[in-house]
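K.L.:
So I've got this file, entry-v2.cif, and it contains mmCIF, C-alpha atoms:
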data_run
#
loop_
_atom_site.label_atom_id
_atom_site.label_comp_id
_atom_site.auth_asym_id
_atom_site.auth_seq_id
_atom_site.Cartn_x
_atom_site.Cartn_y
_atom_site.Cartn_z
CA MET A 1 3.93 -21.59 88.82
CA THR A 2 0.75 -21.21 87.04
CA ALA A 3 0.38 -23.36 83.93
CA THR A 4 -0.58 -21.55 80.81
CA THR A 5 -2.88 -23.08 78.35
CA PRO A 6 -1.63 -22.77 74.77
CA ALA A 7 -3.82 -20.52 72.67
CA GLU A 8 -5.94 -22.31 70.14
CA PRO A 9 -5.16 -21.51 66.55
CA LYS A 10 -7.67 -19.31 64.85
CA VAL A 11 -9.70 -21.16 62.34
CA PRO A 12 -10.94 -19.14 59.39
CA ALA A 13 -14.64 -18.60 59.57
CA GLN A 14 -16.58 -20.79 57.21
CA ARG A 15 -18.29 -18.80 54.49
CA GLY A 16 -21.47 -20.64 54.67
CA GLY A 17 -24.89 -19.20 54.24
CA PRO A 18 -25.97 -15.96 52.59
CA ALA A 19 -23.44 -13.78 54.41
CA GLY A 20 -20.46 -15.87 53.22
CA ALA A 21 -21.73 -15.95 49.64
CA ALA A 22 -22.18 -12.20 49.65
CA ALA A 23 -18.64 -11.68 50.97
CA GLY A 24 -17.20 -13.94 48.27
CA GLU A 25 -19.12 -12.07 45.59
CA ARG A 26 -17.81 -8.72 46.89
CA GLU A 27 -14.23 -10.02 46.72
CA ARG A 28 -14.70 -11.18 43.12
CA VAL A 29 -16.15 -7.81 42.13
CA SER A 30 -13.32 -6.01 43.92
CA ALA A 31 -10.72 -8.14 42.14
CA PHE A 32 -12.45 -7.49 38.81
CA TRP A 33 -12.38 -3.72 39.27
CA SER A 34 -8.79 -3.81 40.54
CA LEU A 35 -7.63 -5.71 37.46
CA SER A 36 -9.62 -3.45 35.15
CA ARG A 37 -8.12 -0.37 36.78
CA ALA A 38 -4.62 -1.81 36.48
CA MET A 39 -5.14 -2.54 32.77
CA LEU A 40 -6.50 0.95 32.13
CA LEU A 41 -3.57 2.51 33.95
CA GLY A 42 -1.18 0.36 31.93
CA MET A 43 -2.80 1.55 28.70
CA LYS A 44 -2.61 5.14 29.92
CA ARG A 45 1.10 4.81 30.59
CA ASP A 46 1.75 3.34 27.13
CA ARG A 47 0.63 6.37 25.16
CA THR A 48 1.73 4.89 21.84
CA ALA A 49 -0.55 1.88 22.27
CA THR A 50 -3.38 4.18 23.38
CA PHE A 51 -3.03 6.23 20.22
CA PHE A 52 -3.21 3.22 17.92
CA ILE A 53 -6.17 1.70 19.77
CA LEU A 54 -8.30 4.82 20.09
CA LEU A 55 -7.20 7.33 17.46
CA PHE A 56 -5.61 5.35 14.63
CA PRO A 57 -8.98 4.14 13.22
CA LEU A 58 -9.86 7.82 12.71
CA VAL A 59 -6.92 8.09 10.32
CA PHE A 60 -8.64 5.65 7.97
CA LEU A 61 -11.96 7.43 8.34
CA VAL A 62 -10.30 10.71 7.32
CA PHE A 63 -8.38 9.02 4.49
CA PHE A 64 -11.34 7.26 2.86
CA GLY A 65 -13.59 10.24 3.51
CA THR A 66 -11.13 12.53 1.73
CA VAL A 67 -10.70 10.17 -1.22
CA SER A 68 -14.43 9.62 -1.68
CA LYS A 69 -15.20 13.32 -1.23
CA GLY A 70 -12.60 14.41 -3.76
CA SER A 71 -13.38 11.82 -6.41
CA GLY A 72 -16.36 11.99 -8.68
CA SER A 73 -16.46 10.24 -12.03
CA PRO A 74 -13.05 8.79 -12.97
CA HIS A 75 -10.85 11.41 -14.66
CA ALA A 76 -8.82 10.05 -17.58
CA LYS A 77 -5.71 11.15 -19.44
CA VAL A 78 -6.32 10.89 -23.19
CA ALA A 79 -3.92 11.47 -26.08
CA GLN A 80 -5.45 12.95 -29.24
CA VAL A 81 -3.42 12.03 -32.31
CA GLY A 82 -3.83 14.53 -35.13
CA ALA A 83 -7.15 16.19 -35.93
CA VAL A 84 -10.23 14.71 -34.28
CA LYS A 85 -13.22 16.62 -35.63
CA LEU A 86 -15.49 15.10 -32.99
CA PHE A 87 -13.52 16.95 -30.31
CA ASP A 88 -12.28 19.96 -32.24
CA SER A 89 -15.82 21.01 -33.21
CA MET A 90 -17.03 21.05 -29.60
CA GLN A 91 -17.35 24.52 -28.06
CA GLY A 92 -18.83 26.28 -25.09
CA GLN A 93 -20.53 24.28 -22.39
CA ALA A 94 -20.09 20.97 -24.22
CA ARG A 95 -16.33 21.46 -24.41
CA THR A 96 -16.14 22.45 -20.75
CA ALA A 97 -18.08 19.35 -19.74
CA LEU A 98 -15.68 17.20 -21.77
CA THR A 99 -12.54 18.68 -20.21
CA ASP A 100 -14.04 18.15 -16.75
CA VAL A 101 -13.73 14.39 -17.24
CA LEU A 102 -10.87 14.13 -19.76
CA THR A 103 -7.39 15.65 -19.84
CA ILE A 104 -6.69 15.78 -23.58
CA THR A 105 -3.10 16.01 -24.84
CA ARG A 106 -2.37 16.47 -28.54
CA THR A 107 0.31 14.31 -30.14
CA ASP A 108 1.43 13.44 -33.68
CA ASP A 109 3.20 10.09 -33.36
CA GLU A 110 0.55 7.36 -33.26
CA SER A 111 2.86 4.39 -32.61
CA ALA A 112 4.75 6.16 -29.81
CA THR A 113 1.48 7.28 -28.23
CA LEU A 114 0.07 3.76 -28.40
CA GLU A 115 3.16 2.50 -26.56
CA LYS A 116 2.62 5.11 -23.86
CA VAL A 117 -0.94 3.84 -23.41
CA ARG A 118 0.42 0.32 -22.93
CA LYS A 119 2.87 1.60 -20.31
CA GLY A 120 0.20 3.57 -18.47
CA ASP A 121 1.36 7.12 -19.32
CA TYR A 122 -2.02 7.69 -20.97
CA ASP A 123 -5.31 5.96 -20.29
CA ALA A 124 -6.33 6.01 -23.94
CA MET A 125 -5.52 7.25 -27.44
CA ILE A 126 -8.10 8.74 -29.82
CA THR A 127 -7.76 9.11 -33.58
CA GLN A 128 -10.26 9.85 -36.35
CA GLY A 129 -10.20 8.88 -40.00
CA PRO A 130 -11.66 10.82 -42.93
CA ASP A 131 -14.71 8.52 -42.96
CA GLY A 132 -15.74 9.73 -39.49
CA LYS A 133 -14.60 6.58 -37.74
CA VAL A 134 -13.41 7.48 -34.23
CA GLU A 135 -10.90 4.96 -32.86
CA LEU A 136 -10.46 4.62 -29.11
CA ARG A 137 -7.51 2.54 -27.94
CA TYR A 138 -7.61 2.20 -24.15
CA SER A 139 -5.76 0.35 -21.42
CA ALA A 140 -7.68 -2.27 -19.47
CA ALA A 141 -5.43 -1.92 -16.42
CA ASP A 142 -8.19 0.04 -14.68
CA THR A 143 -11.50 -1.53 -15.64
CA VAL A 144 -13.54 1.23 -14.00
CA ARG A 145 -11.75 3.97 -15.95
CA ALA A 146 -11.84 1.93 -19.17
CA GLY A 147 -15.61 1.51 -18.86
CA ALA A 148 -16.07 5.20 -18.08
CA LEU A 149 -14.01 6.20 -21.14
CA GLN A 150 -16.10 4.07 -23.44
CA GLY A 151 -19.28 5.50 -21.93
CA ILE A 152 -18.06 9.10 -22.34
CA LEU A 153 -16.98 8.62 -25.96
CA ASP A 154 -20.16 6.74 -26.84
CA SER A 155 -22.24 9.59 -25.36
CA VAL A 156 -20.26 12.24 -27.28
CA VAL A 157 -20.64 10.29 -30.55
CA GLN A 158 -24.39 9.84 -30.06
CA SER A 159 -24.87 13.53 -29.25
CA ALA A 160 -22.97 14.56 -32.38
CA ASN A 161 -24.99 12.19 -34.54
CA GLN A 162 -28.31 13.37 -33.09
CA ALA A 163 -27.39 16.97 -33.90
CA ALA A 164 -27.29 16.05 -37.58
CA THR A 165 -31.01 15.30 -37.84
CA GLY A 166 -32.05 13.57 -41.04
CA GLN A 167 -28.42 12.86 -41.99
CA PRO A 168 -26.54 9.56 -41.89
CA PRO A 169 -24.46 9.07 -38.72
CA ALA A 170 -21.44 11.34 -38.98
CA TYR A 171 -19.34 9.38 -36.49
CA VAL A 172 -18.83 5.74 -35.62
CA LEU A 173 -16.95 4.67 -32.48
CA ASP A 174 -14.48 1.78 -32.62
CA ALA A 175 -13.24 1.02 -29.07
CA ARG A 176 -10.58 -1.60 -28.42
CA GLN A 177 -8.13 -2.27 -25.61
CA VAL A 178 -4.41 -2.14 -26.35
CA GLU A 179 -3.65 -5.27 -24.35
CA ASP A 180 -4.27 -8.82 -25.47
CA LYS A 181 -7.92 -9.55 -24.70
CA SER A 182 -6.96 -12.93 -23.30
CA LEU A 183 -5.21 -11.20 -20.41
CA LYS A 184 -6.96 -11.53 -17.08
CA PRO A 185 -7.31 -9.09 -14.19
CA ILE A 186 -4.48 -10.93 -12.43
CA GLN A 187 -2.11 -9.07 -14.81
CA PHE A 188 -2.95 -5.85 -13.06
CA LEU A 189 -3.47 -7.17 -9.52
CA THR A 190 -0.22 -9.12 -9.13
CA PRO A 191 2.34 -6.26 -9.08
CA GLY A 192 0.42 -4.23 -6.51
CA LEU A 193 -0.27 -7.16 -4.20
CA LEU A 194 3.32 -8.37 -4.47
CA GLY A 195 4.62 -4.91 -3.56
CA TRP A 196 2.28 -4.74 -0.57
CA ALA A 197 3.40 -8.20 0.61
CA ILE A 198 7.10 -7.29 0.37
CA ALA A 199 6.58 -4.02 2.25
CA THR A 200 4.52 -5.63 5.01
CA GLY A 201 6.96 -8.49 5.59
CA ALA A 202 10.06 -6.29 5.68
CA VAL A 203 8.64 -3.56 7.93
CA PHE A 204 6.97 -5.82 10.49
CA GLY A 205 9.80 -8.36 10.49
CA ALA A 206 12.48 -5.78 11.28
CA ALA A 207 10.44 -3.76 13.79
CA LEU A 208 9.07 -6.64 15.87
CA THR A 209 12.35 -8.56 15.86
CA LEU A 210 14.30 -5.56 17.11
CA VAL A 211 11.86 -4.80 19.94
CA ASN A 212 11.59 -8.47 20.93
CA TRP A 213 15.37 -8.86 21.06
CA ARG A 214 15.69 -5.74 23.21
CA LYS A 215 12.87 -6.85 25.53
CA THR A 216 14.27 -10.38 26.02
CA LYS A 217 17.82 -9.03 26.55
CA VAL A 218 19.12 -10.72 23.40
CA LEU A 219 20.61 -7.42 22.22
CA ARG A 220 22.37 -7.02 25.57
CA ARG A 221 23.96 -10.45 25.26
CA LEU A 222 24.95 -9.76 21.65
CA ARG A 223 26.52 -6.49 22.73
CA LEU A 224 28.66 -8.30 25.31
CA ALA A 225 29.54 -11.07 22.88
CA PRO A 226 32.67 -10.81 20.69
CA ILE A 227 30.67 -9.67 17.63
CA ASN A 228 29.88 -6.20 16.36
CA ALA A 229 26.57 -4.58 15.44
CA GLY A 230 27.36 -4.86 11.73
CA THR A 231 27.34 -8.64 11.97
CA VAL A 232 23.93 -8.61 13.65
CA VAL A 233 22.43 -6.22 11.10
CA SER A 234 23.92 -7.99 8.08
CA SER A 235 22.57 -11.35 9.25
CA ARG A 236 19.11 -9.83 9.59
CA ILE A 237 19.41 -8.34 6.10
CA VAL A 238 20.33 -11.71 4.60
CA VAL A 239 17.37 -13.40 6.29
CA SER A 240 14.98 -10.67 5.11
CA LEU A 241 16.29 -10.81 1.53
CA LEU A 242 15.97 -14.59 1.36
CA THR A 243 12.45 -14.39 2.79
CA ALA A 244 11.39 -11.69 0.31
CA LEU A 245 12.83 -13.50 -2.71
CA LEU A 246 11.22 -16.78 -1.67
CA GLN A 247 7.93 -14.94 -1.11
CA SER A 248 8.15 -13.37 -4.58
CA ALA A 249 8.94 -16.71 -6.22
CA VAL A 250 5.97 -18.42 -4.57
CA PHE A 251 3.76 -15.44 -5.42
CA LEU A 252 4.66 -15.51 -9.13
CA VAL A 253 4.48 -19.30 -9.41
CA VAL A 254 0.98 -19.35 -7.95
CA ALA A 255 -0.15 -16.41 -10.11
CA THR A 256 1.20 -17.94 -13.35
CA SER A 257 0.20 -21.55 -12.63
CA PHE A 258 -3.28 -21.07 -11.21
CA PHE A 259 -4.51 -17.61 -12.24
CA GLY A 260 -3.09 -17.14 -15.73
CA LEU A 261 -0.48 -14.42 -15.11
CA LYS A 262 1.59 -13.79 -18.26
CA LEU A 263 5.06 -12.38 -17.65
CA THR A 264 6.27 -9.90 -20.26
CA GLY A 265 9.42 -7.94 -21.05
CA ASP A 266 12.43 -8.26 -18.78
CA TRP A 267 10.37 -9.74 -15.95
CA TRP A 268 13.51 -11.09 -14.24
CA LEU A 269 14.25 -7.50 -13.16
CA ILE A 270 11.73 -8.09 -10.38
CA ILE A 271 14.53 -9.91 -8.51
CA PRO A 272 16.88 -6.91 -8.00
CA LEU A 273 13.84 -4.67 -7.65
CA VAL A 274 12.49 -6.75 -4.76
CA ALA A 275 15.96 -6.88 -3.16
CA CYS A 276 16.28 -3.08 -3.20
CA ALA A 277 12.70 -2.66 -1.95
CA THR A 278 13.32 -5.07 0.92
CA LEU A 279 16.26 -2.96 2.11
CA ALA A 280 14.13 0.19 1.88
CA PHE A 281 11.21 -1.25 3.85
CA MET A 282 13.55 -2.89 6.36
CA SER A 283 14.93 0.56 7.13
CA ILE A 284 11.38 1.68 8.00
CA GLY A 285 11.07 -1.31 10.32
CA LEU A 286 14.42 -0.58 11.95
CA LEU A 287 13.33 3.00 12.58
CA ALA A 288 10.02 1.84 14.10
CA GLY A 289 11.83 -0.75 16.22
CA SER A 290 14.33 1.84 17.45
CA VAL A 291 11.57 4.18 18.64
CA ALA A 292 9.10 1.66 20.07
CA LYS A 293 9.54 0.24 23.58
CA THR A 294 7.00 -2.58 23.38
CA GLU A 295 5.93 -5.05 20.71
CA GLU A 296 2.43 -3.55 20.77
CA ALA A 297 3.84 -0.10 20.07
CA ALA A 298 6.11 -1.47 17.31
CA ASN A 299 3.13 -3.19 15.73
CA GLY A 300 1.08 0.02 15.92
CA ILE A 301 3.80 2.20 14.42
CA SER A 302 4.31 -0.31 11.61
CA GLN A 303 0.58 -0.39 10.93
CA VAL A 304 0.30 3.39 10.74
CA ILE A 305 3.11 3.41 8.18
CA VAL A 306 2.32 0.34 6.07
CA LEU A 307 -1.46 0.54 5.74
CA PRO A 308 -1.77 4.15 4.51
CA MET A 309 1.25 3.59 2.25
CA SER A 310 -0.45 0.53 0.76
CA PHE A 311 -3.62 2.45 -0.05
CA LEU A 312 -1.72 5.47 -1.35
CA SER A 313 0.66 3.49 -3.55
CA GLY A 314 -1.84 1.97 -5.96
CA SER A 315 -1.43 -1.53 -4.52
CA PHE A 316 -5.20 -2.00 -4.27
CA PHE A 317 -6.75 0.72 -6.45
CA PRO A 318 -5.58 3.74 -8.50
CA LEU A 319 -5.70 7.24 -7.00
CA ASP A 320 -6.14 9.24 -10.19
CA GLY A 321 -9.50 10.48 -8.96
CA ALA A 322 -8.17 11.51 -5.55
CA PRO A 323 -7.36 15.13 -4.63
CA GLY A 324 -4.10 16.46 -6.03
CA TRP A 325 -2.45 16.84 -2.63
CA LEU A 326 -3.15 13.19 -1.84
CA GLN A 327 -1.54 12.11 -5.11
CA THR A 328 1.48 14.26 -4.22
CA VAL A 329 1.76 12.54 -0.84
CA SER A 330 1.71 9.15 -2.54
CA LYS A 331 4.73 10.08 -4.65
CA VAL A 332 7.00 10.43 -1.62
CA MET A 333 6.28 6.83 -0.54
CA PRO A 334 8.65 4.09 -1.74
CA LEU A 335 5.86 1.57 -2.33
CA HIS A 336 4.40 3.84 -5.04
CA TYR A 337 7.54 3.42 -7.13
CA LEU A 338 7.91 -0.28 -6.41
CA VAL A 339 4.36 -0.97 -7.61
CA ASN A 340 4.78 1.12 -10.77
CA SER A 341 8.11 -0.48 -11.69
CA ALA A 342 6.84 -3.98 -10.89
CA GLN A 343 3.86 -3.38 -13.19
CA SER A 344 6.19 -2.21 -15.93
CA VAL A 345 8.61 -5.15 -15.86
CA LEU A 346 6.09 -7.89 -15.04
CA THR A 347 3.06 -7.09 -17.19
CA ARG A 348 3.76 -4.08 -19.43
CA GLY A 349 6.87 -5.25 -21.26
CA GLY A 350 9.23 -2.85 -19.49
CA GLY A 351 13.02 -3.06 -19.44
CA VAL A 352 16.06 -2.01 -17.44
CA MET A 353 15.38 1.73 -17.63
CA ASP A 354 11.93 1.21 -16.14
CA ALA A 355 13.44 -0.41 -13.03
CA LEU A 356 16.89 1.17 -12.63
CA PRO A 357 15.78 4.64 -11.38
CA THR A 358 13.45 3.02 -8.86
CA MET A 359 16.20 0.72 -7.56
CA GLY A 360 18.52 3.68 -7.09
CA GLY A 361 15.84 5.66 -5.27
CA LEU A 362 14.99 2.74 -2.99
CA LEU A 363 18.65 2.25 -2.03
CA LEU A 364 19.04 5.96 -1.28
CA PHE A 365 15.88 5.87 0.85
CA ALA A 366 17.23 2.83 2.72
CA ALA A 367 20.56 4.56 3.42
CA VAL A 368 18.91 7.70 4.82
CA LEU A 369 16.43 5.91 7.10
CA THR A 370 19.00 3.39 8.28
CA GLY A 371 21.24 6.30 9.31
CA ILE A 372 18.38 7.85 11.30
CA ALA A 373 17.54 4.49 12.91
CA TRP A 374 21.21 4.07 13.84
CA LYS A 375 21.16 7.39 15.70
CA LEU A 376 18.02 6.42 17.62
CA PHE A 377 19.02 2.80 18.25
CA LYS A 378 19.28 1.59 21.87
CA TRP A 379 20.71 -1.72 23.01
CA GLU A 380 18.52 -1.75 26.11
CA ASP A 381 15.35 -0.10 27.39
CA ALA A 382 16.02 3.17 29.15
#
Here is a file; write its structure as structure tokens.

P.N.:
Amino acid sequence: MTATTPAEPKVPAQRGGPAGAAAGERERVSAFWSLSRAMLLGMKRDRTATFFILLFPLVFLVFFGTVSKGSGSPHAKVAQVGAVKLFDSMQGQARTALTDVLTITRTDDESATLEKVRKGDYDAMITQGPDGKVELRYSAADTVRAGALQGILDSVVQSANQAATGQPPAYVLDARQVEDKSLKPIQFLTPGLLGWAIATGAVFGAALTLVNWRKTKVLRRLRLAPINAGTVVSSRIVVSLLTALLQSAVFLVVATSFFGLKLTGDWWLIIPLVACATLAFMSIGLLAGSVAKTEEAANGISQVIVLPMSFLSGSFFPLDGAPGWLQTVSKVMPLHYLVNSAQSVLTRGGGVMDALPTMGGLLLFAAVLTGIAWKLFKWEDA
């Protein structure tokens, strides 16, 4: 028999010298491009995430471009009480120029009109006495519009006085805000920012929780457990309500203690108002979470809903100067009504009737969207 010599194990070649270094560099480059390609393919497959990464920023470009294009000088709603010779005597081009910047409504009840200015139905009230004194009573809720109103009226008064050459001034302008002058801008910022915070927390909380539970199989285990879906949903509602009410309490305590917020009217109505709003915005989150398959997609869908709604609701700035169709769009969004009602009960002395219609509308909105989310809901990924 011939003895066989065992084969020697192959020893990997040492990558020494320039050739080995070059080979290692090629492998690193290859791995880099392979990973990059895999990531790009993953993004391509998740079309929802691709949309929010590449196209969603264009939504904001279009939005702000439309708002800035459609808005010139701030347009104001003014109530004229009785005869105002300064306005009534204007004709032709001067009158047209005035109506381009002011929407003038004639009224007779001065006290009722003044109350409407306080509540925001009008931006200002104008009266004129027999001595030629023109009184402008404006709301300081929008400082830009308030300043523009004073500038417009001051210009009109000066033009009328200059026309009477050699005569004593025919008109004198007395401009005063209807609110207490000690009030700070926080009076007008708080309701909008609070509404935005409630909407953001409820939408994102519901959407991301639902997707995360589905992805980690929590929903599957809950489905197999001896509990029904109603128990799961009701527990989430309780948690969201407690979070929103605690958030509101902290918000108002900080605003009153450190920034001088003064609560007026039936301000306690903000509690049921926030509760109804939380249910409404939770329903949006449930709908987003029912449609989205990944947390990234849920986050993107929530962003595309919450951010435009925040800008269109008056949370950050008024839209009176925006195109009419954009203002119409804002009125179908629940945050618009939450912000308006919160302003009324927190800082404008509003009562139950200022909040009750909004609460009813928010609950109806929540019921409709929750029903849609229920139809689209899936316990597990398809």

K.L.:
Let me make sure I understand: among A:Met125, A:Val134, A:Ala140, A:Val218, which one has the smallest atom-to-atom distance to A:Glu380 if we use only C-alpha atoms?

P.N.:
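Among A:Met125, A:Val134, A:Ala140, A:Val218, it is A:Val218 that comes nearest to A:Glu380.
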
K.L.:
Can you list what the PyMOL selection byres ((chain A and resi 278) around 7) grabs from this structure, as a list in words?

P.N.:
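When the PyMOL selection byres ((chain A and resi 278) around 7) is applied to the shown file, the picked residues are Ile198, Ala199, Ala202, Leu241, Ala244, Val274, Ala275, Cys276, Ala277, Leu279, Ala280, Phe281 and Met282 of chain A.
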
K.L.:
Check the smallest atom-to-atom distance from each of A:Leu376, A:Val78, A:Ala175, A:Leu98 to A:Leu136 using only C-alpha atoms, then report the winner.

P.N.:
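Among A:Leu376, A:Val78, A:Ala175, A:Leu98, it is A:Ala175 that comes nearest to A:Leu136.
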
K.L.:
Taking all atoms listed in the file into account, name the residue in A:Leu286, A:Leu335, A:Leu356, A:Leu252 that is nearest to A:Val368.

P.N.:
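Between A:Leu286, A:Leu335, A:Leu356, A:Leu252, the residue approaching A:Val368 most closely is A:Leu286.
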
K.L.:
For A:Thr99, which residue among A:Ile152, A:Tyr122, A:Gln343, A:Lys116 is the nearest when counting all atoms listed in the file?

P.N.:
A:Ile152

K.L.:
Rounded to one decimal place, report the atom CA of A:Val254-atom CA of A:Leu193 distance in Å.

P.N.:
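The value is 12.8 Å.
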
K.L.:
Can you work out the spacing between atom CA of A:Trp196 and atom CA of A:Ser310 in Å, to one decimal?

P.N.:
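Atom CA of A:Ser310 lies at a distance of 6.1 Å from atom CA of A:Trp196.
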
K.L.:
Quick one: distance from atom CA of A:Ser235 to atom CA of A:Leu369 in Å, one decimal?

P.N.:
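Atom CA of A:Ser235 sits 18.4 Å away from atom CA of A:Leu369.
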
K.L.:
Considering only C-alpha atoms, return as a list in words whatever protein or nucleic-acid residues lie within 10 Å of A:Gly82, sequence-local ones (same chain, fewer than 3 positions apart) excluded.

P.N.:
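Counting only the stated atoms, we get Ala79, Lys85, Arg106, Thr107, Asp108, Asp109, Glu110, Ile126, Thr127, Gln128 and Gly129 of chain A.
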
K.L.:
Emit the selected residues as a PDB file, in the frame of the given file, including C-alpha atoms.

P.N.:
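Writing the result to again_20.pdb gives the following:
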ATOM      1  CA  ALA A  79      -3.920  11.470 -26.080  1.00  0.00           C
ATOM      2  CA  LYS A  85     -13.220  16.620 -35.630  1.00  0.00           C
ATOM      3  CA  ARG A 106      -2.370  16.470 -28.540  1.00  0.00           C
ATOM      4  CA  THR A 107       0.310  14.310 -30.140  1.00  0.00           C
ATOM      5  CA  ASP A 108       1.430  13.440 -33.680  1.00  0.00           C
ATOM      6  CA  ASP A 109       3.200  10.090 -33.360  1.00  0.00           C
ATOM      7  CA  GLU A 110       0.550   7.360 -33.260  1.00  0.00           C
ATOM      8  CA  ILE A 126      -8.100   8.740 -29.820  1.00  0.00           C
ATOM      9  CA  THR A 127      -7.760   9.110 -33.580  1.00  0.00           C
ATOM     10  CA  GLN A 128     -10.260   9.850 -36.350  1.00  0.00           C
ATOM     11  CA  GLY A 129     -10.200   8.880 -40.000  1.00  0.00           C
TER      12      GLY A 129
END

K.L.:
Can you give me, as JSON, numbers by chain, the residues this file yields under the PyMOL selection byres ((chain A and resi 333) around 10)?

P.N.:
{"A": [305, 308, 309, 310, 312, 313, 328, 329, 330, 331, 332, 334, 335, 336, 337, 338, 362, 365]}

K.L.:
Using all atoms listed in the file, pick whichever of A:Ser240, A:Thr103, A:Ser283, A:Ser111 has the shortest atom-to-atom distance to A:Ala373.

P.N.:
A:Ser283
